[in-house]
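Heads up: the structure comes next, in structure tokens.
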Amino acid sequence: MSENLKANFEKYALLSYHHIPEVHKIDIYESAGGYVSMHKAFKMGPDKIKEEVKESGLRGRGGAGFPCGTKWGFFSKDRKQKKYLLCNADESEPGTFKDRYLVEKNPHILIEGMIISAFALGVDKAYIYIRGEFYQQAKILENAIEEAYAKKYLGKNILGSDFDLDITVHRGAGAYICGEETGMISSLEGKKGQPKLKPPFPAIKGYRGLPTMVNNVETLSAVPWIVNFGGKSYRQWGTEKSPGTKLFSISGDVFRPGVIEVPLGISLKEIIDNHCHGVSGSRILKAVIPGGSSAPILTAEEAMEVTMDYEAIAAKGSMLGSGAIIVLNSTRNIGEILKWTLEFYHHESCGQCTPCREGTGWLDSILKRKLFHKSKLDDVDLMDQVASNMRGTTICALSDAAAMPTQGIIKKFRKELETYISTQGNN
Amino acid sequence: MGKEKITINWNGKDLEVEEGSNLLKAALDNGIKVAHYCYHLGLPVAGVCRMCMVEQEGVPRPFPSCNANVAPGIKVRNDSEKVKNMVEWALQLHLVNHPLDCPICDQAGECGLQEYYLNYGLYDSSMIDQKVHKPKVQDIGRNVMLDAERCILCSRCVRFTDHITQSFEMGIVNRGDHATIVAHDELHNDYAMNLVDICPVGALTSKDFRFKQRVWFLHEEITTCIGCETGCKVKISYNESGAYRVKPVFDSEVNGYWMCDDGRDIYKHLSRADRVFSPMKKSQGLFLPTDEKTVFETVKGKKAKFILSAGLFNEEYEQFFERFRANKEQVALYTLPNMGEDFDGILIRGNKNANLKGAEAYFLKAGHDPSVEQFNRLLSSLSDKDVVFVVVPEILYNQDHFETLVKKLSKAKYKIALTTNDSMMILQEFDFLLPLKAFAEKAGTIVNFNSQERHMNAGKIFVPEAKELAHYVEALL
């Protein structure tokens, strides 16, 4: 077998198999080195797996960046208790398409990750909640799960142990808010997709009132590598506080948009210039949204200095989020960017908490006052005020997700926004 | 047994609270004013209005107090600038899409938005944008109207129909600022009017009460409902021109925060035109005013027999038996037949005799027989030497049953009804009507289903000429 059909574990933890044709088939995945970690994990035992994950410093890849090992530590250790593992594949943040890319090419890495994680956590029922629009990807996952059942990697007495696991793929109905973990649980329970009050947190009381571990696709998919090579070697990549590799989905004004896997701590300049072959269109960088539409915008200067790890971006007043990099060149109108962002959050607010329900709509209306010839320069201040009072006041973070980019744009592109607002007309 | 008390600190003041109690409830129980819309003591927590925010020492961010429990020694504040600002903005955002149609809104005067604006708002609105419009003036059942635009989506009504009546009529559809309160179905539970009470704004209004009175022209008198033997604590709102509505008053032992829809009607006869305003004498098929003296002179010399209703107060029975020391055959108790199931699981009971337990006790105490057999014996003993006094029950769910009784009285020489009103055709069978005080015009006690004494308070008197039963007994003797 040629080297080309083997997984590239030296360079990648997640996209190790992506160069192999038809790796979505279980035989090809296995012959490339897949499911080795699973066998290894069953020999290691749950506690050792958890130790390795903790040691690796793997952080939640859904956006919040909470250390995965710590989160697992909160979970009930009673192996007899009914509990659930829920894989968050509801990737809906504008600009994010990393999980889709990972799963549609290589569904087995997720399934393997889930088997190992479920074994470590003592869970016998897992769900993959996948975004409704990802119909094709859901099919791919379902086929892969069937293959895994046929190989007895799923079902009863996996690998001759007393461990059972069933995985069900559940398609959402296309609501952004169902990507929030408690919103996802509500939706999975058959209720309206609205986040639940915390505390209690899902790790204590989640799906059907039972302990539920919710992890992102990318987080779970990193587990096989960590189990295979150890938590310590995972730290060969990334920084002290943000170890490992991360998928970045780059869109906007670059010559080569797409998904890349690079170590955390890489400079944004390198991503744009080397991996994406530079800024397209006017060739002049204006701004970068570094972590999906809810991350506050970075100016060109900031973007050229920043490195892509949780701490460095936070220091610039933004966030790494889901790793969705949106590159804007100098022809882009910042007012339009804000308009699209606010329209999105206005549309996606679940309508439960007042500050978010009314605030997202009102921000959208204020920005559109120009259409009714009602805009004033003070509107920028008003938007800033509304946004700042939407932050930290609601059940989930959607309110913050709408407020943060608004405040970011006001802070960094105020002049341009004022021009936008005071220019009457359709655009 | 009460739970153990612990001490927490609220705005620098120590409070004694029950261990494990909800933080917001603990504050409210201690008389502290905390703004809240979605929280209701009788319903599960929703935590969506974000008005009851507090800061706690050692907790990084403010949080809603309705979703927290007390713990010994916690230090909580809601008077910091940060929290005050949060509450003001939460209120401002509540009002962004509110139509502000207070001048034509029935809730004005008792509206949570108005109240909190004065307490926590007092800002100048910056809202000049097009508001979101939603369906108004929706008829959603026998007694409730819905205006979705005024709704602040606190979800109290949804939780009420989901958890209390479990009839699931209300729901919220759509997302974001287009989220709209809807009735999936006509309200088909017997407690629908509670939705009007728990709605903190004017979204749900009572068909019966709307547009009748401004609430600031009303006074309230707390009393007990006489609709059935449950004996819910209620308040009656009235003013010079009449009585207008009945609302429940919290009572931990009997009705909690609720009351049934039937009970909402008990005020209706109080100030109606068909109240009997003076003694009446039937003359050629019409009742004409007369005076008490004429009535009692006419029946003088006849043997008086009394049929009492089971809706009088304990004191009235006592006074009656003190004065009317006749032999056993002359007094009987009329009880209303049961309606529907014995108990619906929430509040309504099939026994519609508000004070049956009290009546029976006082009958027996005075050596009289409250049984149906005695009632039948009295009916069959009637002759033309008798004058029969019938106390007409104030609330009659089953008029047919009462009419059958009245028809059996025909052998008596004179038939006299002691009644609050003359709305029923069957009263034509009587020779005289004597005005009786209504339940809300006299003070006393009744005994409810679980033998608890319930207090009745005297509110506004609509018919000054109306007397209590004892007065007529005295006049007779």
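Labels for the structure tokens follow display order: chains A, B, ..., residues from 1 in each chain, ligands from 1.
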Identify every residue of chain A that has at least one atom within 10 Å of any atom of chain B, counting only C-alpha atoms, and report the result as a tab-separated table (two decimals) with C-alpha atoms, in the first residue's frame.
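Output contents, as saved in result-v2.tsv:
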chain	number	residue	atom	x	y	z
A	175	ALA	CA	-32.29	27.29	13.73
A	192	LYS	CA	-39.13	24.56	20.71
A	193	GLY	CA	-35.41	25.17	20.32
A	194	GLN	CA	-34.94	27.54	23.21
A	196	LYS	CA	-32.71	26.52	29.17
A	197	LEU	CA	-31.90	28.35	32.33
A	198	LYS	CA	-28.52	27.57	33.81
A	199	PRO	CA	-27.86	26.31	36.43
A	200	PRO	CA	-28.45	23.39	36.24
A	345	TYR	CA	-29.22	37.84	14.73
A	346	HIS	CA	-32.59	39.55	14.49
A	347	HIS	CA	-33.83	36.58	12.54
A	348	GLU	CA	-32.26	33.98	14.78
A	349	SER	CA	-33.05	35.27	18.28
A	350	CYS	CA	-35.25	32.65	19.89
A	351	GLY	CA	-37.44	35.33	21.43
A	352	GLN	CA	-37.29	34.05	24.96
A	353	CYS	CA	-35.38	36.70	26.93
A	354	THR	CA	-36.52	40.26	26.52
A	355	PRO	CA	-33.13	42.00	26.06
A	356	CYS	CA	-32.25	39.74	23.13
A	357	ARG	CA	-35.70	39.46	21.60
A	358	GLU	CA	-36.27	43.21	21.52
A	359	GLY	CA	-32.64	44.29	21.36
A	360	THR	CA	-31.66	42.37	18.23
A	361	GLY	CA	-34.70	43.70	16.41
A	362	TRP	CA	-34.20	47.22	17.61
A	365	SER	CA	-34.24	48.89	13.01
A	366	ILE	CA	-31.92	51.64	14.19
A	368	LYS	CA	-32.12	50.88	8.92
A	369	ARG	CA	-33.54	54.23	9.98
A	372	PHE	CA	-37.14	55.92	6.40
A	374	LYS	CA	-35.07	59.08	10.18
A	375	SER	CA	-31.40	58.52	10.89
A	379	ASP	CA	-27.94	56.63	16.37
A	382	LEU	CA	-27.81	54.66	20.78
A	385	GLN	CA	-25.87	51.82	24.37
A	386	VAL	CA	-28.46	49.22	23.37
A	389	ASN	CA	-27.10	46.69	27.74
A	390	MET	CA	-27.81	43.49	25.87
A	391	ARG	CA	-24.57	41.94	27.06
A	392	GLY	CA	-24.56	39.45	29.87
A	393	THR	CA	-28.26	39.80	30.53
A	394	THR	CA	-29.76	36.73	28.91
A	395	ILE	CA	-30.00	32.97	29.30
Within 6 Å of stretch 58-66 of chain A, counting only C-alpha atoms, which residues show up once you throw out same-chain ones fewer than 5 positions away? Write them as a PyMOL selection string, please. chain A and resi 216+218-219+321-322
Would you list the contacts of stretch 94-103 of chain A as a ChimeraX atom specification, taking every protein, DNA or RNA residue within 9 Å and counting only C-alpha atoms, but skipping same-chain residues closer than 4 positions in sequence? /A:14-15,18,24,89-90,107-110,134,137-138,140-141,216-218,221,247-252,258-260,291-294,322-326,341,344
Hey, what does DSSP flag as helix (DSSP H, G or I) within stretch 92-300 of chain A? Can you give it to me as number ranges by chain? A: 98-105, 107-121, 135-150, 158-160, 176-179, 181-188, 207-209, 217-229, 231-234, 268-275, 300
Determine, counting only C-alpha atoms, which protein, DNA and RNA residues have an atom within 8 Å of an atom of A:Met404; residues of the same chain fewer than 3 positions away are not included. Present the result as a ChimeraX atom specification. /A:294-296,387,391,400-401,407-408
When you look at B:Leu382 with a cut-off of 10 Å (counting only C-alpha atoms), what residues show up, excluding the ones that are within fewer than 3 positions of it in the same chain? I need them as an mmCIF file with N, CA, C and O atoms, in the first residue's frame.
data_model
loop_
_atom_site.group_PDB
_atom_site.id
_atom_site.type_symbol
_atom_site.label_atom_id
_atom_site.label_comp_id
_atom_site.auth_asym_id
_atom_site.auth_seq_id
_atom_site.Cartn_x
_atom_site.Cartn_y
_atom_site.Cartn_z
ATOM 1 N N LYS B 303 -99.176 29.259 61.326
ATOM 2 C CA LYS B 303 -98.013 28.563 61.866
ATOM 3 C C LYS B 303 -96.821 28.786 60.935
ATOM 4 O O LYS B 303 -96.900 28.457 59.745
ATOM 5 N N LYS B 305 -93.327 28.224 59.211
ATOM 6 C CA LYS B 305 -92.356 27.158 58.936
ATOM 7 C C LYS B 305 -91.238 27.749 58.084
ATOM 8 O O LYS B 305 -91.494 28.570 57.202
ATOM 9 N N GLN B 330 -90.859 22.475 62.369
ATOM 10 C CA GLN B 330 -91.085 23.752 61.694
ATOM 11 C C GLN B 330 -89.883 24.278 60.908
ATOM 12 O O GLN B 330 -89.967 25.281 60.230
ATOM 13 N N ARG B 377 -90.411 15.865 55.056
ATOM 14 C CA ARG B 377 -91.509 15.828 56.039
ATOM 15 C C ARG B 377 -92.166 17.196 56.147
ATOM 16 O O ARG B 377 -93.368 17.326 56.170
ATOM 17 N N LEU B 378 -91.300 18.224 56.156
ATOM 18 C CA LEU B 378 -91.843 19.572 56.279
ATOM 19 C C LEU B 378 -92.711 19.912 55.077
ATOM 20 O O LEU B 378 -93.812 20.442 55.206
ATOM 21 N N LEU B 379 -92.228 19.508 53.886
ATOM 22 C CA LEU B 379 -93.008 19.802 52.689
ATOM 23 C C LEU B 379 -94.365 19.104 52.739
ATOM 24 O O LEU B 379 -95.404 19.696 52.433
ATOM 25 N N LYS B 385 -103.024 26.166 57.149
ATOM 26 C CA LYS B 385 -102.844 26.899 58.403
ATOM 27 C C LYS B 385 -101.432 27.459 58.499
ATOM 28 O O LYS B 385 -101.065 28.082 59.470
ATOM 29 N N ASP B 386 -100.623 27.174 57.477
ATOM 30 C CA ASP B 386 -99.192 27.493 57.571
ATOM 31 C C ASP B 386 -98.799 28.708 56.740
ATOM 32 O O ASP B 386 -99.396 29.012 55.711
ATOM 33 N N VAL B 387 -97.731 29.352 57.212
ATOM 34 C CA VAL B 387 -97.027 30.317 56.380
ATOM 35 C C VAL B 387 -95.599 29.799 56.273
ATOM 36 O O VAL B 387 -94.977 29.480 57.279
ATOM 37 N N VAL B 388 -95.128 29.657 55.028
ATOM 38 C CA VAL B 388 -93.792 29.101 54.868
ATOM 39 C C VAL B 388 -92.819 30.176 54.383
ATOM 40 O O VAL B 388 -93.105 30.907 53.426
ATOM 41 N N LYS B 408 -93.906 22.478 45.308
ATOM 42 C CA LYS B 408 -94.414 21.631 46.387
ATOM 43 C C LYS B 408 -94.929 22.436 47.569
ATOM 44 O O LYS B 408 -95.402 21.876 48.554
ATOM 45 N N LEU B 409 -94.772 23.755 47.486
ATOM 46 C CA LEU B 409 -95.186 24.587 48.614
ATOM 47 C C LEU B 409 -96.646 25.004 48.512
ATOM 48 O O LEU B 409 -97.180 25.681 49.392
ATOM 49 N N SER B 410 -97.307 24.599 47.436
ATOM 50 C CA SER B 410 -98.598 25.202 47.110
ATOM 51 C C SER B 410 -99.662 25.034 48.201
ATOM 52 O O SER B 410 -100.590 25.826 48.298
ATOM 53 N N LYS B 411 -99.524 24.038 49.070
ATOM 54 C CA LYS B 411 -100.550 23.808 50.078
ATOM 55 C C LYS B 411 -100.538 24.855 51.186
ATOM 56 O O LYS B 411 -101.525 25.034 51.892
ATOM 57 N N ALA B 412 -99.418 25.509 51.364
ATOM 58 C CA ALA B 412 -99.327 26.505 52.438
ATOM 59 C C ALA B 412 -100.228 27.697 52.116
ATOM 60 O O ALA B 412 -100.448 28.029 50.963
ATOM 61 N N LYS B 413 -100.680 28.337 53.163
ATOM 62 C CA LYS B 413 -101.576 29.485 52.965
ATOM 63 C C LYS B 413 -100.801 30.656 52.373
ATOM 64 O O LYS B 413 -101.201 31.253 51.387
#
Taking only stretch 59-244 of chain B into account, list the residues labelled strand (DSSP E or B) by DSSP (computed from the backbone), as a PyMOL selection string. chain B and resi 63-64+69+75-77+138-139+144-146+170-173+180-183+204-206+219-224+233-239+242-244
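Taking atom CA of A:Met308 and atom CA of A:Cys276 as endpoints, the distance between them is 14.9 Å.
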Any idea what's packed within 12 Å of A:Ile116, counting only C-alpha atoms, ignoring anything in its chain fewer than 4 positions away? Could you give it as a PyMOL selection string? chain A and resi 35-50+52-53+85+109-112+120-124+126+153-154+158+163-165+220-228
If we count only C-alpha atoms and set the cut-off at 10 Å, which residues sit around stretch 348-357 of chain B, ignoring sequence neighbours fewer than 6 positions away in its own chain? Please answer as number ranges by chain. B: 190-191, 224-232, 255, 259-263, 309-314, 333-342, 370, 393, 395-398, 445-454
Report as a Markdown table: every residue of stretch 114-133 of chain A with an atom at most 12 Å from stretch 145-152 of chain A, its closest pair of atoms, and their distance in Å to one decimal, counting only C-alpha atoms, with rows sorted by chain and ascending residue number.
| residue | atom | partner | partner_atom | distance |
| --- | --- | --- | --- | --- |
| A:Met114 | CA | A:Ile145 | CA | 11.1 |
| A:Ile115 | CA | A:Ala148 | CA | 10.2 |
| A:Ala126 | CA | A:Ile145 | CA | 11.7 |
| A:Tyr127 | CA | A:Ile145 | CA | 11.4 |
| A:Ile128 | CA | A:Ile145 | CA | 10.8 |
Let me make sure I understand: among A:Ile409, A:Ala303, A:Ile266, A:Ile130, which one has the smallest atom-to-atom distance to A:Tyr176 if we use only C-alpha atoms? A:Ile130
